[in-house]
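Listing of run.tsv, TSV, C-alpha atoms
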```tsv
chain	number	residue	atom	x	y	z
A	1	MET	CA	-6.14	10.23	-12.59
A	2	ALA	CA	-4.79	9.72	-9.07
A	3	LYS	CA	-1.86	7.38	-8.56
A	4	LEU	CA	-3.09	3.84	-8.00
A	5	VAL	CA	-2.01	1.87	-4.95
A	6	GLN	CA	-2.51	-1.79	-4.12
A	7	TYR	CA	-2.93	-2.55	-0.42
A	8	ILE	CA	-2.21	-5.87	1.27
A	9	ILE	CA	-3.26	-6.34	4.90
A	10	VAL	CA	-1.62	-9.21	6.77
A	11	ASN	CA	-2.91	-11.15	9.78
A	12	GLY	CA	-0.52	-9.88	12.47
A	13	GLU	CA	-0.88	-13.01	14.59
A	14	ILE	CA	0.74	-15.17	11.93
A	15	ALA	CA	3.18	-12.43	10.89
A	16	LYS	CA	4.88	-12.90	14.26
A	17	THR	CA	5.08	-16.70	14.12
A	18	TRP	CA	5.21	-17.90	10.51
A	19	PRO	CA	8.41	-18.04	8.46
A	20	LYS	CA	8.76	-14.93	6.28
A	21	GLY	CA	8.68	-16.97	3.08
A	22	ALA	CA	5.37	-18.59	4.00
A	23	LEU	CA	3.87	-15.21	4.85
A	24	ILE	CA	5.09	-13.67	1.59
A	25	ALA	CA	3.63	-16.61	-0.35
A	26	GLN	CA	0.21	-15.92	1.21
A	27	CYS	CA	0.40	-12.29	0.10
A	28	CYS	CA	1.43	-13.35	-3.40
A	29	HIS	CA	-1.56	-15.72	-3.59
A	30	ALA	CA	-3.96	-12.95	-2.55
A	31	VAL	CA	-2.50	-10.36	-4.93
A	32	ALA	CA	-2.54	-12.76	-7.88
A	33	ALA	CA	-6.13	-13.76	-7.10
A	34	VAL	CA	-7.50	-10.22	-6.69
A	35	ASN	CA	-5.82	-9.00	-9.87
A	36	HIS	CA	-7.25	-11.96	-11.77
A	37	LEU	CA	-10.75	-11.54	-10.32
A	38	PHE	CA	-11.04	-7.79	-10.92
A	39	SER	CA	-9.37	-7.07	-14.23
A	40	ASP	CA	-11.01	-3.67	-14.75
A	41	SER	CA	-9.71	-0.43	-16.27
A	42	GLU	CA	-7.95	0.65	-13.05
A	43	THR	CA	-6.16	-2.67	-12.79
A	44	ALA	CA	-5.14	-2.40	-16.46
A	45	GLU	CA	-3.85	1.12	-15.84
A	46	TYR	CA	-1.92	-0.08	-12.78
A	47	PHE	CA	-0.18	-2.73	-14.88
A	48	SER	CA	0.45	-0.37	-17.79
A	49	ASP	CA	3.45	1.03	-15.89
A	50	ILE	CA	4.70	-2.22	-14.41
A	51	ASP	CA	8.07	-0.84	-13.28
A	52	ASN	CA	6.37	1.76	-11.09
A	53	MET	CA	3.69	-0.23	-9.29
A	54	HIS	CA	3.00	0.96	-5.72
A	55	LYS	CA	2.03	-1.50	-3.02
A	56	VAL	CA	1.54	-0.90	0.71
A	57	VAL	CA	1.62	-3.79	3.20
A	58	LEU	CA	-0.28	-3.20	6.43
A	59	GLU	CA	-0.88	-5.34	9.51
A	60	ALA	CA	-4.19	-6.24	11.13
A	61	PRO	CA	-3.36	-7.06	14.77
A	62	THR	CA	-5.58	-10.16	14.90
A	63	ALA	CA	-7.36	-12.57	12.59
A	64	SER	CA	-10.72	-11.24	13.80
A	65	LYS	CA	-9.73	-7.66	12.86
A	66	LEU	CA	-8.71	-8.94	9.43
A	67	VAL	CA	-12.10	-10.67	9.01
A	68	ASP	CA	-13.89	-7.51	10.21
A	69	LEU	CA	-12.00	-5.50	7.59
A	70	GLY	CA	-13.05	-7.96	4.90
A	71	GLU	CA	-16.69	-7.52	5.91
A	72	LEU	CA	-16.36	-3.72	5.90
A	73	LEU	CA	-14.78	-3.77	2.45
A	74	GLN	CA	-17.55	-6.09	1.19
A	75	GLN	CA	-20.28	-3.80	2.59
A	76	ASN	CA	-18.72	-0.82	0.79
A	77	ASP	CA	-18.14	-2.62	-2.52
A	78	ILE	CA	-14.35	-2.34	-2.27
A	79	LYS	CA	-12.99	-5.12	-4.48
A	80	HIS	CA	-10.67	-7.41	-2.54
A	81	LYS	CA	-9.71	-11.00	-1.86
A	82	VAL	CA	-9.45	-12.49	1.62
A	83	TRP	CA	-6.89	-15.27	1.36
A	84	ILE	CA	-7.85	-18.27	3.52
A	85	GLU	CA	-5.12	-20.86	4.02
A	86	GLN	CA	-6.41	-24.41	3.66
A	87	PRO	CA	-6.88	-26.90	5.21
A	88	GLU	CA	-6.49	-24.75	8.36
A	89	ASN	CA	-9.26	-22.35	7.21
A	90	LEU	CA	-7.09	-19.50	8.50
A	91	PRO	CA	-7.47	-15.96	7.11
A	92	THR	CA	-3.91	-14.90	6.34
A	93	CYS	CA	-4.26	-11.65	4.41
A	94	ILE	CA	-6.43	-9.41	2.27
A	95	ALA	CA	-5.38	-7.89	-1.03
A	96	LEU	CA	-7.32	-5.00	-2.54
A	97	LYS	CA	-7.36	-4.43	-6.27
A	98	PRO	CA	-5.46	-1.26	-7.23
A	99	TYR	CA	-7.36	1.87	-6.17
A	100	PRO	CA	-6.65	5.58	-5.86
A	101	LYS	CA	-5.41	6.03	-2.28
A	102	ASP	CA	-8.17	8.48	-1.38
A	103	VAL	CA	-10.88	5.94	-2.26
A	104	VAL	CA	-9.75	3.28	0.24
A	105	GLN	CA	-7.64	5.06	2.84
A	106	LYS	CA	-10.58	5.62	5.21
A	107	TYR	CA	-11.03	1.84	5.56
A	108	LEU	CA	-7.33	1.24	6.24
A	109	LYS	CA	-6.17	4.19	8.35
A	110	LYS	CA	-6.29	2.27	11.65
A	111	PHE	CA	-3.78	-0.32	10.40
A	112	LYS	CA	-0.03	0.22	10.70
A	113	LEU	CA	2.64	-0.72	8.19
A	114	LEU	CA	3.79	-4.32	8.57
A	115	SER	CA	7.22	-4.33	10.19
```
Have the structure of the file written as structure tokens, please.
Amino acid sequence: MAKLVQYIIVNGEIAKTWPKGALIAQCCHAVAAVNHLFSDSETAEYFSDIDNMHKVVLEAPTASKLVDLGELLQQNDIKHKVWIEQPENLPTCIALKPYPKDVVQKYLKKFKLLS
């Protein structure tokens, strides 16, 4: 089977203004949630080699682009979690469950690595 990758896409607007720790916490929330929600055979395989997990963190330039991505993923049955910070109701990031890169890359190719 193809190597599994877990993608996290961050709201670029907050990436530029929030403290790094707060941003990382949002990503951790989303990753924990998506891995709990979608505990399928691919997720189990991903965790079977825990010392070699592969994650890629991308940046959506705006909150609206992040929301649009969430809708696109939903329409194409790509399992993910949009993390919404409360009480602000602010979309901070999206975490996908682990997938083979070639399954999800077409939805993510317009996003750059978070820097």
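Between atom CA of Thr62 of chain A and atom CA of Pro91 of chain A lies a distance of 9.9 Å.
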Q: Do a neighbour search on Lys106 of chain A at 12 Å with only C-alpha atoms, toss out local chain neighbours closer than 4 positions, and write the hits as number ranges by chain.
A: A: 69, 72-73, 76, 78, 100-102, 110-111
Q: Please provide the set of residues having any atom within 10 Å of Met53 of chain A, restricted to all atoms listed in the file, with same-chain residues fewer than 5 positions apart removed, written as a list of chain:residue names.
A: A:Lys3, A:Leu4, A:Val5, A:Gln6, A:Tyr46, A:Phe47, A:Ser48, A:Pro98
**Q.** Residue nearest Ser39 of chain A - candidates A:Val103, A:Leu114, A:Trp18, A:His80, atoms counted: all atoms listed in the file
**A.**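 That would be A:His80, the residue with the smallest distance to Ser39 of chain A.
Interatomic distance, atom CA of Leu37 of chain A to atom CA of Leu96 of chain A: 10.7 Å.
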With 10 Å as the cut-off and only C-alpha atoms counted, what is the closest atom pair between each nearby residue of segment 63-99 of chain A and segment 10-14 of chain A? Distances in Å to one decimal, ordered by chain and number, as a tab-separated table.
```
residue	atom	partner	partner_atom	distance
A:Ala63	CA	A:Asn11	CA	5.5
A:Ser64	CA	A:Asn11	CA	8.8
A:Lys65	CA	A:Asn11	CA	8.3
A:Leu66	CA	A:Asn11	CA	6.2
A:Val67	CA	A:Asn11	CA	9.2
A:Val82	CA	A:Val10	CA	9.9
A:Trp83	CA	A:Val10	CA	9.7
A:Leu90	CA	A:Asn11	CA	9.4
A:Pro91	CA	A:Asn11	CA	7.1
A:Thr92	CA	A:Asn11	CA	5.2
A:Cys93	CA	A:Val10	CA	4.3
A:Ile94	CA	A:Val10	CA	6.6
A:Ala95	CA	A:Val10	CA	8.8
```
Can you sort out the box for segment 34-47 of chain A, edges along x, y and z, all listed atoms in, 3 Å on every side, with centre and edge lengths in Å to one decimal, as AutoDock Vina command-line options?
```
--center_x -5.6 --center_y -5.4 --center_z -11.6 --size_x 16.9 --size_y 19.1 --size_z 15.8
```
Q.
Counting only C-alpha atoms, which residues have an atom no more than 7 Å from (-3.7, -11.8, -2.4) in the file's coordinates? Please list them as a ChimeraX atom specification.
A. /A:26-34,81,83,93-95
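If only C-alpha atoms are the atoms counted, then among A:Thr43, A:Gln105, A:Ser115, A:Asn89 the closest residue to Tyr7 of chain A is A:Gln105.
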Q: Choose the residue, out of A:Ile9, A:Ile24, A:Pro19, A:Asp51, that has the smallest atom-to-atom separation from Asp68 of chain A; count only C-alpha atoms.
A: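 Closest to Asp68 of chain A, using only C-alpha atoms: A:Ile9.
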Q: Could you check how far atom CA of Ala60 of chain A sits from atom CA of Leu23 of chain A, in Å to one decimal?
A: 13.6 Å
Q: Would you please work out which residue, of A:Asp77, A:Pro61, A:Lys109, A:Lys97, is nearest to Ala15 of chain A when using all atoms listed in the file?
A: A:Pro61
Q: Would you please work out which residue, of A:Asn52, A:Glu42, A:Ala22, A:Lys112, is nearest to Ile8 of chain A when using all atoms listed in the file?
A: A:Lys112
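Of the listed residues (A:Tyr99, A:Glu88, A:Asp49, A:Val57), A:Tyr99 comes nearest to Ala2 of chain A; the distances count all atoms listed in the file.
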Using the atoms already present, construct N, CA, C and O atoms for segment 35-60 of chain A and hand them back as a compact mmCIF listing (two decimals), keeping the file's coordinate frame.
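And here is the file that came out, rebuild38.txt:
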```
# COMPACT_ATOMS: atom_id res chain seq x y z
N ASN A 35 -6.06 -9.61 -8.56
CA ASN A 35 -5.82 -9.00 -9.87
C ASN A 35 -6.43 -9.82 -11.00
O ASN A 35 -6.81 -9.27 -12.03
N HIS A 36 -6.57 -11.11 -10.79
CA HIS A 36 -7.25 -11.96 -11.77
C HIS A 36 -8.76 -11.75 -11.71
O HIS A 36 -9.43 -11.65 -12.73
N LEU A 37 -9.30 -11.66 -10.51
CA LEU A 37 -10.75 -11.54 -10.32
C LEU A 37 -11.30 -10.20 -10.79
O LEU A 37 -12.43 -10.14 -11.29
N PHE A 38 -10.54 -9.14 -10.63
CA PHE A 38 -11.04 -7.79 -10.92
C PHE A 38 -10.17 -7.11 -11.96
O PHE A 38 -9.49 -6.13 -11.67
N SER A 39 -10.20 -7.62 -13.15
CA SER A 39 -9.37 -7.07 -14.23
C SER A 39 -10.16 -5.95 -14.93
O SER A 39 -10.65 -6.11 -16.04
N ASP A 40 -10.27 -4.81 -14.24
CA ASP A 40 -11.01 -3.67 -14.75
C ASP A 40 -10.04 -2.62 -15.31
O ASP A 40 -8.83 -2.87 -15.40
N SER A 41 -10.55 -1.46 -15.65
CA SER A 41 -9.71 -0.43 -16.27
C SER A 41 -8.64 0.09 -15.30
O SER A 41 -7.53 0.39 -15.72
N GLU A 42 -8.96 0.20 -14.01
CA GLU A 42 -7.95 0.65 -13.05
C GLU A 42 -6.83 -0.37 -12.92
O GLU A 42 -5.65 0.00 -12.87
N THR A 43 -7.19 -1.63 -12.88
CA THR A 43 -6.16 -2.67 -12.79
C THR A 43 -5.30 -2.65 -14.04
O THR A 43 -4.07 -2.74 -13.95
N ALA A 44 -5.91 -2.48 -15.21
CA ALA A 44 -5.14 -2.40 -16.46
C ALA A 44 -4.20 -1.20 -16.43
O ALA A 44 -3.04 -1.29 -16.84
N GLU A 45 -4.69 -0.07 -15.94
CA GLU A 45 -3.85 1.12 -15.84
C GLU A 45 -2.68 0.88 -14.89
O GLU A 45 -1.55 1.27 -15.17
N TYR A 46 -2.96 0.23 -13.77
CA TYR A 46 -1.92 -0.08 -12.78
C TYR A 46 -0.79 -0.90 -13.42
O TYR A 46 0.39 -0.63 -13.20
N PHE A 47 -1.17 -1.86 -14.24
CA PHE A 47 -0.18 -2.73 -14.88
C PHE A 47 0.43 -2.12 -16.13
O PHE A 47 1.40 -2.65 -16.66
N SER A 48 -0.10 -0.99 -16.58
CA SER A 48 0.45 -0.37 -17.79
C SER A 48 1.82 0.26 -17.53
O SER A 48 2.57 0.51 -18.47
N ASP A 49 2.14 0.49 -16.27
CA ASP A 49 3.45 1.03 -15.89
C ASP A 49 4.06 0.08 -14.86
O ASP A 49 4.27 0.43 -13.71
N ILE A 50 4.35 -1.11 -15.30
CA ILE A 50 4.70 -2.22 -14.41
C ILE A 50 5.95 -1.96 -13.56
O ILE A 50 6.07 -2.47 -12.46
N ASP A 51 6.85 -1.12 -14.05
CA ASP A 51 8.07 -0.84 -13.28
C ASP A 51 7.84 0.19 -12.18
O ASP A 51 8.76 0.47 -11.40
N ASN A 52 6.66 0.74 -12.10
CA ASN A 52 6.37 1.76 -11.09
C ASN A 52 5.12 1.44 -10.27
O ASN A 52 4.45 2.36 -9.79
N MET A 53 4.82 0.15 -10.12
CA MET A 53 3.69 -0.23 -9.29
C MET A 53 3.95 0.18 -7.84
O MET A 53 5.08 0.17 -7.39
N HIS A 54 2.88 0.55 -7.12
CA HIS A 54 3.00 0.96 -5.72
C HIS A 54 2.11 0.05 -4.89
O HIS A 54 0.90 -0.02 -5.11
N LYS A 55 2.75 -0.65 -3.95
CA LYS A 55 2.03 -1.50 -3.02
C LYS A 55 2.34 -1.06 -1.60
O LYS A 55 3.45 -0.61 -1.31
N VAL A 56 1.37 -1.21 -0.70
CA VAL A 56 1.54 -0.90 0.71
C VAL A 56 1.07 -2.13 1.49
O VAL A 56 -0.03 -2.63 1.27
N VAL A 57 1.93 -2.61 2.40
CA VAL A 57 1.62 -3.79 3.20
C VAL A 57 1.37 -3.34 4.63
O VAL A 57 2.26 -2.79 5.29
N LEU A 58 0.15 -3.59 5.09
CA LEU A 58 -0.28 -3.20 6.43
C LEU A 58 -0.49 -4.44 7.28
O LEU A 58 -0.53 -5.57 6.77
N GLU A 59 -0.66 -4.24 8.58
CA GLU A 59 -0.88 -5.34 9.51
C GLU A 59 -2.17 -5.15 10.28
O GLU A 59 -2.39 -4.11 10.89
N ALA A 60 -3.02 -6.17 10.25
CA ALA A 60 -4.19 -6.24 11.13
C ALA A 60 -3.72 -6.98 12.38
O ALA A 60 -3.12 -8.05 12.26
```
